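Asker: Input run-v1.cif, format and content: mmCIF, C-alpha atoms and all ligand atoms.
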```cif
data_my_file
loop_
_atom_site.group_PDB
_atom_site.id
_atom_site.type_symbol
_atom_site.label_atom_id
_atom_site.label_comp_id
_atom_site.auth_asym_id
_atom_site.auth_seq_id
_atom_site.Cartn_x
_atom_site.Cartn_y
_atom_site.Cartn_z
ATOM 1 C CA MET A 16 -15.354 -18.196 -31.713
ATOM 2 C CA GLU A 17 -11.651 -18.174 -32.590
ATOM 3 C CA ILE A 18 -9.211 -19.403 -29.946
ATOM 4 C CA PHE A 19 -5.536 -18.399 -30.039
ATOM 5 C CA ASN A 20 -2.559 -19.314 -27.872
ATOM 6 C CA ASN A 21 -0.045 -17.832 -30.246
ATOM 7 C CA ILE A 22 0.600 -14.080 -30.633
ATOM 8 C CA ILE A 23 1.544 -14.134 -34.341
ATOM 9 C CA GLN A 24 -1.494 -16.230 -35.258
ATOM 10 C CA LEU A 25 -3.765 -13.839 -33.356
ATOM 11 C CA GLN A 26 -2.206 -10.823 -35.068
ATOM 12 C CA ASP A 27 -2.432 -12.485 -38.518
ATOM 13 C CA PHE A 28 -6.106 -13.188 -37.878
ATOM 14 C CA LEU A 29 -6.785 -9.589 -36.776
ATOM 15 C CA GLY A 30 -4.836 -8.250 -39.767
ATOM 16 C CA SER A 31 -6.922 -10.371 -42.157
ATOM 17 C CA LEU A 32 -10.241 -8.908 -40.970
ATOM 18 C CA LYS A 33 -11.913 -6.502 -43.354
ATOM 19 C CA ASP A 34 -14.212 -3.578 -42.519
ATOM 20 C CA ILE A 35 -13.366 -3.593 -38.838
ATOM 21 C CA ASN A 36 -13.667 -0.181 -37.238
ATOM 22 C CA SER A 37 -13.318 -1.045 -33.631
ATOM 23 C CA ILE A 38 -11.899 -3.778 -31.443
ATOM 24 C CA GLY A 39 -13.099 -4.143 -27.844
ATOM 25 C CA PHE A 40 -10.783 -5.882 -25.411
ATOM 26 C CA VAL A 41 -11.654 -7.551 -22.087
ATOM 27 C CA PRO A 42 -8.611 -8.727 -20.095
ATOM 28 C CA THR A 43 -9.338 -11.430 -17.496
ATOM 29 C CA MET A 44 -7.597 -14.034 -15.385
ATOM 30 C CA GLY A 45 -10.222 -16.631 -16.261
ATOM 31 C CA SER A 46 -12.452 -18.682 -13.984
ATOM 32 C CA LEU A 47 -15.130 -16.570 -15.556
ATOM 33 C CA HIS A 48 -18.437 -15.579 -13.992
ATOM 34 C CA THR A 49 -21.374 -13.330 -14.864
ATOM 35 C CA GLY A 50 -19.323 -10.235 -13.929
ATOM 36 C CA HIS A 51 -16.754 -10.961 -16.638
ATOM 37 C CA LEU A 52 -19.511 -11.795 -19.105
ATOM 38 C CA SER A 53 -21.155 -8.412 -18.487
ATOM 39 C CA LEU A 54 -17.931 -6.819 -19.787
ATOM 40 C CA ILE A 55 -18.057 -9.043 -22.892
ATOM 41 C CA GLU A 56 -21.684 -8.020 -23.418
ATOM 42 C CA ALA A 57 -20.826 -4.316 -23.087
ATOM 43 C CA SER A 58 -17.979 -4.689 -25.587
ATOM 44 C CA LYS A 59 -20.129 -6.600 -28.077
ATOM 45 C CA LYS A 60 -22.638 -3.755 -28.110
ATOM 46 C CA GLU A 61 -20.007 -1.141 -28.972
ATOM 47 C CA ASN A 62 -17.447 -2.880 -31.199
ATOM 48 C CA ASP A 63 -17.167 -4.945 -34.380
ATOM 49 C CA ILE A 64 -14.924 -7.500 -32.692
ATOM 50 C CA THR A 65 -14.626 -8.467 -29.017
ATOM 51 C CA ILE A 66 -11.458 -10.145 -27.729
ATOM 52 C CA CYS A 67 -11.207 -11.655 -24.268
ATOM 53 C CA SER A 68 -7.864 -12.716 -22.831
ATOM 54 C CA VAL A 69 -7.556 -15.428 -20.209
ATOM 55 C CA PHE A 70 -4.216 -15.315 -18.428
ATOM 56 C CA VAL A 71 -3.373 -15.749 -14.742
ATOM 57 C CA ASN A 72 -0.685 -13.103 -14.552
ATOM 58 C CA LYS A 73 2.067 -14.335 -12.228
ATOM 59 C CA ILE A 74 3.803 -10.944 -11.948
ATOM 60 C CA GLN A 75 0.787 -9.298 -10.331
ATOM 61 C CA PHE A 76 0.770 -11.793 -7.443
ATOM 62 C CA ASN A 77 3.095 -10.749 -4.646
ATOM 63 C CA ASN A 78 2.302 -14.019 -2.903
ATOM 64 C CA GLU A 79 3.277 -17.295 -4.643
ATOM 65 C CA ALA A 80 0.683 -19.337 -2.679
ATOM 66 C CA ASP A 81 -2.106 -17.003 -3.835
ATOM 67 C CA PHE A 82 -0.956 -17.450 -7.457
ATOM 68 C CA ILE A 83 -0.958 -21.236 -7.121
ATOM 69 C CA LYS A 84 -4.367 -21.295 -5.397
ATOM 70 C CA TYR A 85 -5.972 -18.943 -7.939
ATOM 71 C CA PRO A 86 -8.868 -20.914 -9.529
ATOM 72 C CA ARG A 87 -8.331 -22.034 -13.124
ATOM 73 C CA ASN A 88 -11.065 -23.421 -15.334
ATOM 74 C CA GLU A 89 -10.082 -23.082 -18.988
ATOM 75 C CA GLU A 90 -12.565 -25.520 -20.528
ATOM 76 C CA GLN A 91 -15.518 -23.936 -18.765
ATOM 77 C CA ASP A 92 -14.219 -20.443 -19.636
ATOM 78 C CA ILE A 93 -14.202 -21.351 -23.325
ATOM 79 C CA GLU A 94 -17.754 -22.705 -23.100
ATOM 80 C CA LEU A 95 -18.984 -19.547 -21.324
ATOM 81 C CA LEU A 96 -17.290 -17.288 -23.873
ATOM 82 C CA LYS A 97 -18.792 -19.268 -26.759
ATOM 83 C CA ALA A 98 -22.237 -18.966 -25.190
ATOM 84 C CA ALA A 99 -21.687 -15.214 -24.755
ATOM 85 C CA GLU A 100 -20.763 -15.036 -28.466
ATOM 86 C CA CYS A 101 -17.355 -13.559 -27.791
ATOM 87 C CA ASP A 102 -15.503 -13.354 -31.127
ATOM 88 C CA VAL A 103 -11.961 -14.180 -30.049
ATOM 89 C CA VAL A 104 -10.352 -15.648 -26.944
ATOM 90 C CA PHE A 105 -6.631 -15.253 -26.446
ATOM 91 C CA ILE A 106 -5.021 -17.690 -23.991
ATOM 92 C CA PRO A 107 -1.264 -17.125 -24.177
ATOM 93 C CA THR A 108 1.376 -19.087 -22.307
ATOM 94 C CA GLN A 109 3.641 -17.351 -19.790
ATOM 95 C CA GLU A 110 6.620 -17.853 -22.149
ATOM 96 C CA ALA A 111 4.804 -16.334 -25.125
ATOM 97 C CA LEU A 112 3.733 -13.217 -23.252
ATOM 98 C CA PHE A 113 6.808 -12.697 -21.108
ATOM 99 C CA PRO A 114 9.810 -14.531 -22.592
ATOM 100 C CA GLU A 115 12.908 -14.770 -20.428
ATOM 101 C CA ASN A 116 14.530 -11.666 -21.944
ATOM 102 C CA TYR A 117 11.325 -9.559 -21.697
ATOM 103 C CA CYS A 118 12.027 -5.987 -20.690
ATOM 104 C CA TYR A 119 9.428 -5.091 -18.021
ATOM 105 C CA GLU A 120 8.507 -1.435 -17.711
ATOM 106 C CA ASN A 121 8.429 0.574 -14.532
ATOM 107 C CA PHE A 122 5.400 2.864 -14.808
ATOM 108 C CA ASN A 123 5.453 6.165 -12.996
ATOM 109 C CA LEU A 124 2.049 5.706 -11.347
ATOM 110 C CA GLY A 125 2.538 8.077 -8.424
ATOM 111 C CA GLU A 126 1.150 7.606 -4.915
ATOM 112 C CA ILE A 127 -1.846 5.516 -6.038
ATOM 113 C CA GLU A 128 0.347 2.431 -6.374
ATOM 114 C CA ASN A 129 1.409 2.627 -2.721
ATOM 115 C CA VAL A 130 -1.982 2.886 -0.997
ATOM 116 C CA LEU A 131 -4.807 0.382 -0.298
ATOM 117 C CA GLU A 132 -4.212 -2.647 -2.581
ATOM 118 C CA GLY A 133 -0.756 -1.289 -3.385
ATOM 119 C CA LEU A 134 0.201 -1.196 0.288
ATOM 120 C CA TYR A 135 -0.903 -4.773 0.938
ATOM 121 C CA ARG A 136 0.291 -6.162 -2.402
ATOM 122 C CA PRO A 137 3.640 -4.494 -3.189
ATOM 123 C CA GLY A 138 4.427 -4.577 -6.901
ATOM 124 C CA HIS A 139 0.864 -5.650 -7.754
ATOM 125 C CA PHE A 140 -0.018 -2.643 -9.904
ATOM 126 C CA GLN A 141 3.274 -2.671 -11.810
ATOM 127 C CA GLY A 142 2.431 -6.312 -12.638
ATOM 128 C CA VAL A 143 -1.080 -5.342 -13.736
ATOM 129 C CA CYS A 144 0.184 -2.451 -15.888
ATOM 130 C CA ASN A 145 2.865 -4.577 -17.519
ATOM 131 C CA VAL A 146 0.416 -7.277 -18.562
ATOM 132 C CA VAL A 147 -2.291 -4.865 -19.747
ATOM 133 C CA HIS A 148 0.305 -2.849 -21.685
ATOM 134 C CA ARG A 149 1.612 -6.065 -23.279
ATOM 135 C CA PHE A 150 -1.913 -7.054 -24.356
ATOM 136 C CA ILE A 151 -2.642 -3.580 -25.728
ATOM 137 C CA ASP A 152 0.587 -3.698 -27.717
ATOM 138 C CA ILE A 153 -0.354 -7.067 -29.230
ATOM 139 C CA ILE A 154 -4.071 -6.442 -29.855
ATOM 140 C CA GLN A 155 -4.181 -2.660 -30.452
ATOM 141 C CA PRO A 156 -7.776 -2.388 -29.254
ATOM 142 C CA ASN A 157 -9.890 0.768 -29.526
ATOM 143 C CA LYS A 158 -11.770 0.196 -26.274
ATOM 144 C CA LEU A 159 -10.734 -1.485 -23.046
ATOM 145 C CA TYR A 160 -13.422 -2.882 -20.709
ATOM 146 C CA LEU A 161 -12.712 -2.897 -16.974
ATOM 147 C CA GLY A 162 -14.863 -3.703 -13.938
ATOM 148 C CA LEU A 163 -15.479 -1.143 -11.198
ATOM 149 C CA LYS A 164 -15.224 -4.037 -8.733
ATOM 150 C CA ASP A 165 -11.457 -3.369 -9.023
ATOM 151 C CA LEU A 166 -11.816 0.385 -8.688
ATOM 152 C CA GLN A 167 -8.202 1.155 -7.825
ATOM 153 C CA GLN A 168 -7.072 -1.009 -10.754
ATOM 154 C CA CYS A 169 -9.326 1.073 -13.056
ATOM 155 C CA LYS A 170 -7.661 4.272 -11.800
ATOM 156 C CA VAL A 171 -4.174 2.800 -12.152
ATOM 157 C CA ILE A 172 -4.797 1.596 -15.716
ATOM 158 C CA GLU A 173 -6.276 5.009 -16.605
ATOM 159 C CA LYS A 174 -3.007 6.534 -15.398
ATOM 160 C CA MET A 175 -0.919 4.011 -17.345
ATOM 161 C CA ILE A 176 -2.872 4.761 -20.524
ATOM 162 C CA GLN A 177 -2.329 8.495 -19.998
ATOM 163 C CA LEU A 178 1.403 7.853 -19.605
ATOM 164 C CA LYS A 179 1.634 5.669 -22.732
ATOM 165 C CA ASN A 180 -0.550 7.945 -24.871
ATOM 166 C CA TYR A 181 -1.436 5.086 -27.256
ATOM 167 C CA LYS A 182 -2.033 5.745 -30.946
ATOM 168 C CA PRO A 183 -4.728 5.182 -32.080
ATOM 169 C CA SER A 184 -6.186 6.392 -28.816
ATOM 170 C CA LEU A 185 -7.632 3.863 -26.423
ATOM 171 C CA GLU A 186 -10.901 4.487 -24.596
ATOM 172 C CA ILE A 187 -11.559 2.927 -21.208
ATOM 173 C CA VAL A 188 -15.087 1.729 -20.494
ATOM 174 C CA LEU A 189 -15.839 1.168 -16.799
ATOM 175 C CA CYS A 190 -18.542 -1.412 -16.061
ATOM 176 C CA GLU A 191 -20.736 -1.747 -12.959
ATOM 177 C CA THR A 192 -19.957 -4.478 -10.425
ATOM 178 C CA SER A 193 -22.114 -7.594 -10.916
ATOM 179 C CA ARG A 194 -23.430 -8.995 -7.642
ATOM 180 C CA ASN A 195 -25.338 -12.071 -6.505
ATOM 181 C CA SER A 196 -28.904 -11.749 -5.225
ATOM 182 C CA SER A 197 -27.652 -10.871 -1.700
ATOM 183 C CA GLY A 198 -25.352 -8.142 -3.016
ATOM 184 C CA LEU A 199 -22.014 -9.959 -2.730
ATOM 185 C CA ALA A 200 -19.683 -8.871 -5.546
ATOM 186 C CA LEU A 201 -19.032 -11.772 -7.921
ATOM 187 C CA SER A 202 -15.398 -12.841 -7.840
ATOM 188 C CA SER A 203 -13.424 -15.838 -9.079
ATOM 189 C CA ARG A 204 -12.144 -16.124 -5.508
ATOM 190 C CA ASN A 205 -15.684 -16.763 -4.201
ATOM 191 C CA LYS A 206 -15.296 -20.298 -5.609
ATOM 192 C CA ARG A 207 -12.917 -21.072 -2.742
ATOM 193 C CA LEU A 208 -15.471 -20.163 -0.048
ATOM 194 C CA SER A 209 -17.844 -22.475 1.848
ATOM 195 C CA LYS A 210 -21.581 -21.795 1.686
ATOM 196 C CA ASN A 211 -21.424 -20.400 5.202
ATOM 197 C CA ALA A 212 -18.622 -17.962 4.319
ATOM 198 C CA LEU A 213 -20.453 -16.871 1.170
ATOM 199 C CA ASN A 214 -23.430 -15.928 3.364
ATOM 200 C CA HIS A 215 -21.196 -14.035 5.778
ATOM 201 C CA ALA A 216 -19.280 -12.261 3.018
ATOM 202 C CA VAL A 217 -22.315 -10.099 2.214
ATOM 203 C CA ILE A 218 -21.346 -8.033 5.257
ATOM 204 C CA LEU A 219 -18.752 -6.242 3.103
ATOM 205 C CA ILE A 220 -21.286 -4.573 0.813
ATOM 206 C CA ASP A 221 -23.791 -4.149 3.662
ATOM 207 C CA THR A 222 -21.168 -2.251 5.681
ATOM 208 C CA LEU A 223 -20.158 -0.132 2.682
ATOM 209 C CA LYS A 224 -23.835 0.741 2.103
ATOM 210 C CA PHE A 225 -24.340 1.555 5.772
ATOM 211 C CA ALA A 226 -21.318 3.878 5.779
ATOM 212 C CA LYS A 227 -22.485 5.562 2.578
ATOM 213 C CA ASN A 228 -25.956 6.151 4.060
ATOM 214 C CA GLN A 229 -24.490 7.601 7.229
ATOM 215 C CA ILE A 230 -22.361 9.989 5.180
ATOM 216 C CA LEU A 231 -25.246 11.088 2.976
ATOM 217 C CA ASN A 232 -28.016 11.257 5.572
ATOM 218 C CA SER A 233 -26.590 12.411 8.873
ATOM 219 C CA THR A 234 -23.798 14.261 10.568
ATOM 220 C CA PHE A 235 -20.925 11.836 10.447
ATOM 221 C CA ASP A 236 -17.427 11.362 11.724
ATOM 222 C CA LEU A 237 -15.259 9.166 9.514
ATOM 223 C CA SER A 238 -13.153 7.936 12.409
ATOM 224 C CA SER A 239 -16.128 6.503 14.306
ATOM 225 C CA LEU A 240 -17.636 5.155 11.065
ATOM 226 C CA TYR A 241 -14.294 3.467 10.422
ATOM 227 C CA LYS A 242 -14.290 1.769 13.844
ATOM 228 C CA LYS A 243 -17.924 0.692 13.533
ATOM 229 C CA SER A 244 -17.362 -0.714 10.051
ATOM 230 C CA ILE A 245 -14.259 -2.753 10.935
ATOM 231 C CA ASP A 246 -16.078 -4.049 13.995
ATOM 232 C CA SER A 247 -19.095 -5.196 12.064
ATOM 233 C CA ILE A 248 -16.968 -6.974 9.396
ATOM 234 C CA LEU A 249 -14.939 -8.796 12.067
ATOM 235 C CA LYS A 250 -18.066 -9.771 13.997
ATOM 236 C CA ASN A 251 -19.476 -11.414 10.879
ATOM 237 C CA GLY A 252 -16.950 -14.152 10.274
ATOM 238 C CA PHE A 253 -14.032 -12.294 8.669
ATOM 239 C CA GLU A 254 -10.625 -13.139 10.119
ATOM 240 C CA SER A 255 -9.033 -9.782 9.296
ATOM 241 C CA VAL A 256 -9.618 -6.460 7.567
ATOM 242 C CA ASP A 257 -6.682 -5.049 5.588
ATOM 243 C CA TYR A 258 -8.360 -1.713 5.068
ATOM 244 C CA PHE A 259 -11.658 0.145 5.126
ATOM 245 C CA GLU A 260 -10.759 3.538 3.698
ATOM 246 C CA PHE A 261 -12.467 6.728 2.634
ATOM 247 C CA VAL A 262 -10.818 8.378 -0.375
ATOM 248 C CA ASP A 263 -11.381 11.542 -2.367
ATOM 249 C CA GLU A 264 -11.836 12.143 -6.108
ATOM 250 C CA ASP A 265 -8.040 11.939 -6.640
ATOM 251 C CA PHE A 266 -7.848 8.691 -4.713
ATOM 252 C CA GLU A 267 -6.131 10.277 -1.743
ATOM 253 C CA ILE A 268 -7.013 8.855 1.644
ATOM 254 C CA ILE A 269 -9.105 11.356 3.604
ATOM 255 C CA THR A 270 -7.669 12.489 6.907
ATOM 256 C CA ASN A 271 -10.179 15.251 7.647
ATOM 257 C CA HIS A 272 -12.927 13.259 9.361
ATOM 258 C CA SER A 273 -15.755 15.537 8.332
ATOM 259 C CA GLN A 274 -14.898 15.634 4.601
ATOM 260 C CA VAL A 275 -17.356 13.846 2.278
ATOM 261 C CA PRO A 276 -15.457 11.050 0.497
ATOM 262 C CA LYS A 277 -15.909 10.086 -3.147
ATOM 263 C CA TYR A 278 -15.275 6.363 -2.648
ATOM 264 C CA ILE A 279 -15.101 3.838 0.189
ATOM 265 C CA LEU A 280 -12.973 0.750 -0.398
ATOM 266 C CA THR A 281 -12.363 -2.351 1.661
ATOM 267 C CA ALA A 282 -10.340 -5.587 1.615
ATOM 268 C CA ALA A 283 -10.876 -8.367 4.143
ATOM 269 C CA THR A 284 -10.103 -12.051 4.539
ATOM 270 C CA ILE A 285 -12.522 -14.882 5.244
ATOM 271 C CA GLU A 286 -11.579 -18.603 5.210
ATOM 272 C CA ASP A 287 -8.139 -17.486 4.046
ATOM 273 C CA VAL A 288 -9.645 -15.851 0.932
ATOM 274 C CA ARG A 289 -9.055 -12.144 0.476
ATOM 275 C CA LEU A 290 -12.061 -10.259 -0.921
ATOM 276 C CA ILE A 291 -12.327 -6.629 -2.033
ATOM 277 C CA ASP A 292 -15.290 -4.357 -2.626
ATOM 278 C CA ASN A 293 -16.068 -0.643 -2.874
ATOM 279 C CA ILE A 294 -18.865 1.848 -3.139
ATOM 280 C CA ILE A 295 -19.149 5.212 -4.855
ATOM 281 C CA ILE A 296 -20.685 8.006 -2.767
HETATM 282 P P1 LIG A 301 -10.154 -10.713 -13.109
HETATM 283 O O1 LIG A 301 -10.339 -11.946 -13.924
HETATM 284 O O2 LIG A 301 -10.597 -10.858 -11.689
HETATM 285 O O3 LIG A 301 -8.786 -10.114 -13.276
HETATM 286 O O4 LIG A 301 -11.156 -9.636 -13.707
HETATM 287 C C1 LIG A 301 -11.156 -9.304 -15.077
HETATM 288 C C2 LIG A 301 -12.036 -8.093 -15.271
HETATM 289 O O5 LIG A 301 -13.352 -8.396 -14.847
HETATM 290 C C3 LIG A 301 -11.562 -6.889 -14.448
HETATM 291 O O6 LIG A 301 -11.736 -5.698 -15.190
HETATM 292 C C4 LIG A 301 -12.494 -6.943 -13.256
HETATM 293 O O7 LIG A 301 -12.688 -5.683 -12.635
HETATM 294 C C5 LIG A 301 -13.778 -7.425 -13.904
HETATM 295 N N1 LIG A 301 -14.647 -8.021 -12.902
HETATM 296 C C6 LIG A 301 -14.320 -8.942 -11.939
HETATM 297 N N2 LIG A 301 -15.370 -9.182 -11.137
HETATM 298 C C7 LIG A 301 -16.400 -8.404 -11.594
HETATM 299 C C8 LIG A 301 -17.743 -8.189 -11.185
HETATM 300 N N3 LIG A 301 -18.262 -8.814 -10.135
HETATM 301 N N4 LIG A 301 -18.490 -7.297 -11.885
HETATM 302 C C9 LIG A 301 -17.986 -6.634 -12.952
HETATM 303 N N5 LIG A 301 -16.705 -6.794 -13.387
HETATM 304 C C10 LIG A 301 -15.930 -7.657 -12.719
#
```
Kindly present the structure from the file in structure tokens form.
Ligand code: AMP

Answerer:
Amino acid sequence: MEIFNNIIQLQDFLGSLKDINSIGFVPTMGSLHTGHLSLIEASKKENDITICSVFVNKIQFNNEADFIKYPRNEEQDIELLKAAECDVVFIPTQEALFPENYCYENFNLGEIENVLEGLYRPGHFQGVCNVVHRFIDIIQPNKLYLGLKDLQQCKVIEKMIQLKNYKPSLEIVLCETSRNSSGLALSSRNKRLSKNALNHAVILIDTLKFAKNQILNSTFDLSSLYKKSIDSILKNGFESVDYFEFVDEDFEIITNHSQVPKYILTAATIEDVRLIDNIII
């Protein structure tokens, strides 16, 4: 596995490769787990070369403390990527990726950047789009692998890619959420939770599944499902729930309480750690 910190060296290496038809790219913030590795595996199946980036992107954190507390584990990440037979890992410094005079873009993402995660983390999606755009510019991948665990992020990046209209064209591949045996979505943030909180955290997916079943199998009212769901999350050890929302195909929050949603998404905090999850109806 090749490891690069330097942009020019990475580009020289990619330029020197012969008979390469497709590059798969997996952007991550490190502290890797099986969920990230499932994206590497998917990319390896479909591309000649798989590149994984490891970069904790400061500009997507609206909260400095959250950025500082974000788990970092570079040595272990490299070992996991080697074991997964990833071809290239790119670990740039902040200065290399975003030098002082870097001209950040303001992407016209529409309403999606102001709801759900966007509402609770102002500027978050502009930060995400800027870093992903920067990586795409450097690497010029053919396929981009993203996890459905961050569903809104997938939709936002899809929009950004539409806006940029990259040449050659860039395909997005959306990968299923990897979960532990109880159903809890794997997340780098889980590393900050006690055993007790990890057990409690399963309530997020259990509540999402319950709401989905109610919608599919009975007459339902989204407003009472909403109240029930928030209640059950709070009763199971979570300190707060930022949102538990029903959205339609276009990612608009549903206000008609008898409309069948396309997705349900939630974000809630336990032991001061904010977790997100979602379910597709
Ligand atoms: P992160 O390092 O959290 O920024 O995540 C990097 C990529 O891995 C993103 O596309 C995430 O959606 C994806 N990812 C994170 N957790 C999981 C998971 N449990 N299952 C599948 N993909 C995931």

Asker: Record the distance separating CA of Pro42 (chain A) and CA of Ala216 (chain A), expressed in Å with one decimal.

Answerer: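 Result for CA of Pro42 (chain A) versus CA of Ala216 (chain A): 25.7 Å, one decimal.
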
Asker: Within 10 Å of ligand LIG 301 (chain A), counting only C-alpha atoms and all ligand atoms: which residues, as JSON, numbers by chain?

Answerer: {"A": [41, 42, 43, 44, 45, 46, 47, 48, 49, 50, 51, 52, 53, 54, 55, 67, 68, 69, 70, 71, 72, 143, 159, 160, 161, 162, 163, 164, 165, 166, 167, 168, 169, 188, 189, 190, 191, 192, 193, 194, 195, 199, 200, 201, 202, 203, 204, 291, 292]}

Asker: Could you check the closest approach to Glu61 (chain A) for each of A:Ser247, A:Glu186, A:Leu32, A:Val130 and tell me which residue wins, using all atoms listed in the file?

Answerer: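 The shortest atom-to-atom distance to Glu61 (chain A) comes from A:Glu186.
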
Asker: I'd like the interatomic distance between CA of Ile187 (chain A) and CA of Phe40 (chain A), to a tenth of an Å.

Answerer: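 Rounded to one decimal, the two atoms are 9.8 Å apart.
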
Asker: Which residues fall under the PyMOL selection byres (((chain A and resi 229) around 12) and not hetatm) in this file, as a list in words?

Answerer: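 This file, filtered by the PyMOL selection byres (((chain A and resi 229) around 12) and not hetatm), leaves Thr222, Leu223, Lys224, Phe225, Ala226, Lys227, Asn228, Ile230, Leu231, Asn232, Ser233, Thr234, Phe235, Asp236, Leu237, Ser239, Leu240, Tyr241, Lys243, Ser244, Ser273, Val275, Pro276 and Ile296 of chain A.
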
Asker: In Å, how far is it from CA of Asn293 (chain A) to CA of Lys84 (chain A)?

Answerer: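 Spanning CA of Asn293 (chain A) to CA of Lys84 (chain A) is a straight-line distance of 23.9 Å.
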
Asker: Which residues of region 176-232 of chain A have any atom within 9 Å of an atom in region 284-289 of chain A when counting all atoms listed in the file, and what is the closest pair of atoms for each, with the distance in Å to one decimal? Order the rows by chain and rising number and write it as a tab-separated table.

Answerer:
```
residue	atom	partner	partner_atom	distance
A:Arg204	CA	A:Val288	CA	6.9
A:Asn205	CA	A:Val288	CA	8.0
A:Arg207	CA	A:Val288	CA	7.2
A:Leu208	CA	A:Glu286	CA	6.7
A:Ser209	CA	A:Glu286	CA	8.1
A:Ala212	CA	A:Ile285	CA	6.9
A:His215	CA	A:Ile285	CA	8.7
A:Ala216	CA	A:Ile285	CA	7.6
```

Asker: Please write the residues picked by the PyMOL selection byres (((chain A and resi 108) around 12) and not hetatm) on this file as an mmCIF file with C-alpha atoms, in the coordinates of the input.

Answerer:
```cif
data_model
loop_
_atom_site.group_PDB
_atom_site.id
_atom_site.type_symbol
_atom_site.label_atom_id
_atom_site.label_comp_id
_atom_site.auth_asym_id
_atom_site.auth_seq_id
_atom_site.Cartn_x
_atom_site.Cartn_y
_atom_site.Cartn_z
ATOM 1 C CA PHE A 19 -5.536 -18.399 -30.039
ATOM 2 C CA ASN A 20 -2.559 -19.314 -27.872
ATOM 3 C CA ASN A 21 -0.045 -17.832 -30.246
ATOM 4 C CA ILE A 22 0.600 -14.080 -30.633
ATOM 5 C CA SER A 68 -7.864 -12.716 -22.831
ATOM 6 C CA VAL A 69 -7.556 -15.428 -20.209
ATOM 7 C CA PHE A 70 -4.216 -15.315 -18.428
ATOM 8 C CA VAL A 71 -3.373 -15.749 -14.742
ATOM 9 C CA ASN A 72 -0.685 -13.103 -14.552
ATOM 10 C CA LYS A 73 2.067 -14.335 -12.228
ATOM 11 C CA PHE A 105 -6.631 -15.253 -26.446
ATOM 12 C CA ILE A 106 -5.021 -17.690 -23.991
ATOM 13 C CA PRO A 107 -1.264 -17.125 -24.177
ATOM 14 C CA GLN A 109 3.641 -17.351 -19.790
ATOM 15 C CA GLU A 110 6.620 -17.853 -22.149
ATOM 16 C CA ALA A 111 4.804 -16.334 -25.125
ATOM 17 C CA LEU A 112 3.733 -13.217 -23.252
ATOM 18 C CA PHE A 113 6.808 -12.697 -21.108
ATOM 19 C CA PRO A 114 9.810 -14.531 -22.592
#
```

Asker: So, counting all atoms listed in the file, which residue among A:Gly252, A:Gln274, A:Lys182, A:Arg136 is closest to Asp81 (chain A)?

Answerer: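 The answer is A:Arg136, which sits nearest to Asp81 (chain A).
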
Asker: Give the answer as one residue: which of A:Asn145, A:Leu25, A:Pro137, A:Asn129 has the shortest atom-to-atom distance to Ile268 (chain A), using only C-alpha atoms?

Answerer: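 Once distances to Ile268 (chain A) are computed over only C-alpha atoms, the minimum belongs to A:Asn129.
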
Asker: Could you tell me which residues the PyMOL selection byres (((chain A and resi 259) around 8) and not hetatm) returns for this structure, as a list in words?

Answerer: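 That expression, the PyMOL selection byres (((chain A and resi 259) around 8) and not hetatm), corresponds here to Tyr241, Ser244, Ile245, Val256, Asp257, Tyr258, Glu260, Phe261, Ile279, Leu280, Thr281 and Ala282 of chain A.
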
Asker: Would you pick out the contacts of Ile248 (chain A) at 7 Å or less, using only C-alpha atoms, so that residues sharing its chain but fewer than 4 positions from it are not included, and give the list as an mmCIF file with C-alpha atoms, in the frame of the given file?

Answerer:
```cif
data_model
loop_
_atom_site.group_PDB
_atom_site.id
_atom_site.type_symbol
_atom_site.label_atom_id
_atom_site.label_comp_id
_atom_site.auth_asym_id
_atom_site.auth_seq_id
_atom_site.Cartn_x
_atom_site.Cartn_y
_atom_site.Cartn_z
ATOM 1 C CA ILE A 218 -21.346 -8.033 5.257
ATOM 2 C CA LEU A 219 -18.752 -6.242 3.103
ATOM 3 C CA SER A 244 -17.362 -0.714 10.051
ATOM 4 C CA PHE A 253 -14.032 -12.294 8.669
#
```

Asker: Could you give me the axis-aligned bounding box of region 264-283 of chain A, with 3 Å of padding per side, as centre plus edge lengths in Å to one decimal, as lines of an AutoDock Vina configuration file?

Answerer:
```
center_x = -11.7
center_y = 3.6
center_z = 1.4
size_x = 17.2
size_y = 30.0
size_z = 22.0
```

Asker: Would you pick out the contacts of Lys174 (chain A) at 10 Å or less, using all atoms listed in the file, so that residues sharing its chain but fewer than 2 positions from it are not included, and give the list as an mmCIF file with C-alpha atoms, in the coordinates of the input?

Answerer:
```
data_model
loop_
_atom_site.group_PDB
_atom_site.id
_atom_site.type_symbol
_atom_site.label_atom_id
_atom_site.label_comp_id
_atom_site.auth_asym_id
_atom_site.auth_seq_id
_atom_site.Cartn_x
_atom_site.Cartn_y
_atom_site.Cartn_z
ATOM 1 C CA PHE A 122 5.400 2.864 -14.808
ATOM 2 C CA ASN A 123 5.453 6.165 -12.996
ATOM 3 C CA LEU A 124 2.049 5.706 -11.347
ATOM 4 C CA GLY A 125 2.538 8.077 -8.424
ATOM 5 C CA ILE A 127 -1.846 5.516 -6.038
ATOM 6 C CA CYS A 144 0.184 -2.451 -15.888
ATOM 7 C CA GLN A 168 -7.072 -1.009 -10.754
ATOM 8 C CA CYS A 169 -9.326 1.073 -13.056
ATOM 9 C CA LYS A 170 -7.661 4.272 -11.800
ATOM 10 C CA VAL A 171 -4.174 2.800 -12.152
ATOM 11 C CA ILE A 172 -4.797 1.596 -15.716
ATOM 12 C CA ILE A 176 -2.872 4.761 -20.524
ATOM 13 C CA GLN A 177 -2.329 8.495 -19.998
ATOM 14 C CA LEU A 178 1.403 7.853 -19.605
ATOM 15 C CA LYS A 179 1.634 5.669 -22.732
ATOM 16 C CA ASN A 180 -0.550 7.945 -24.871
#
```
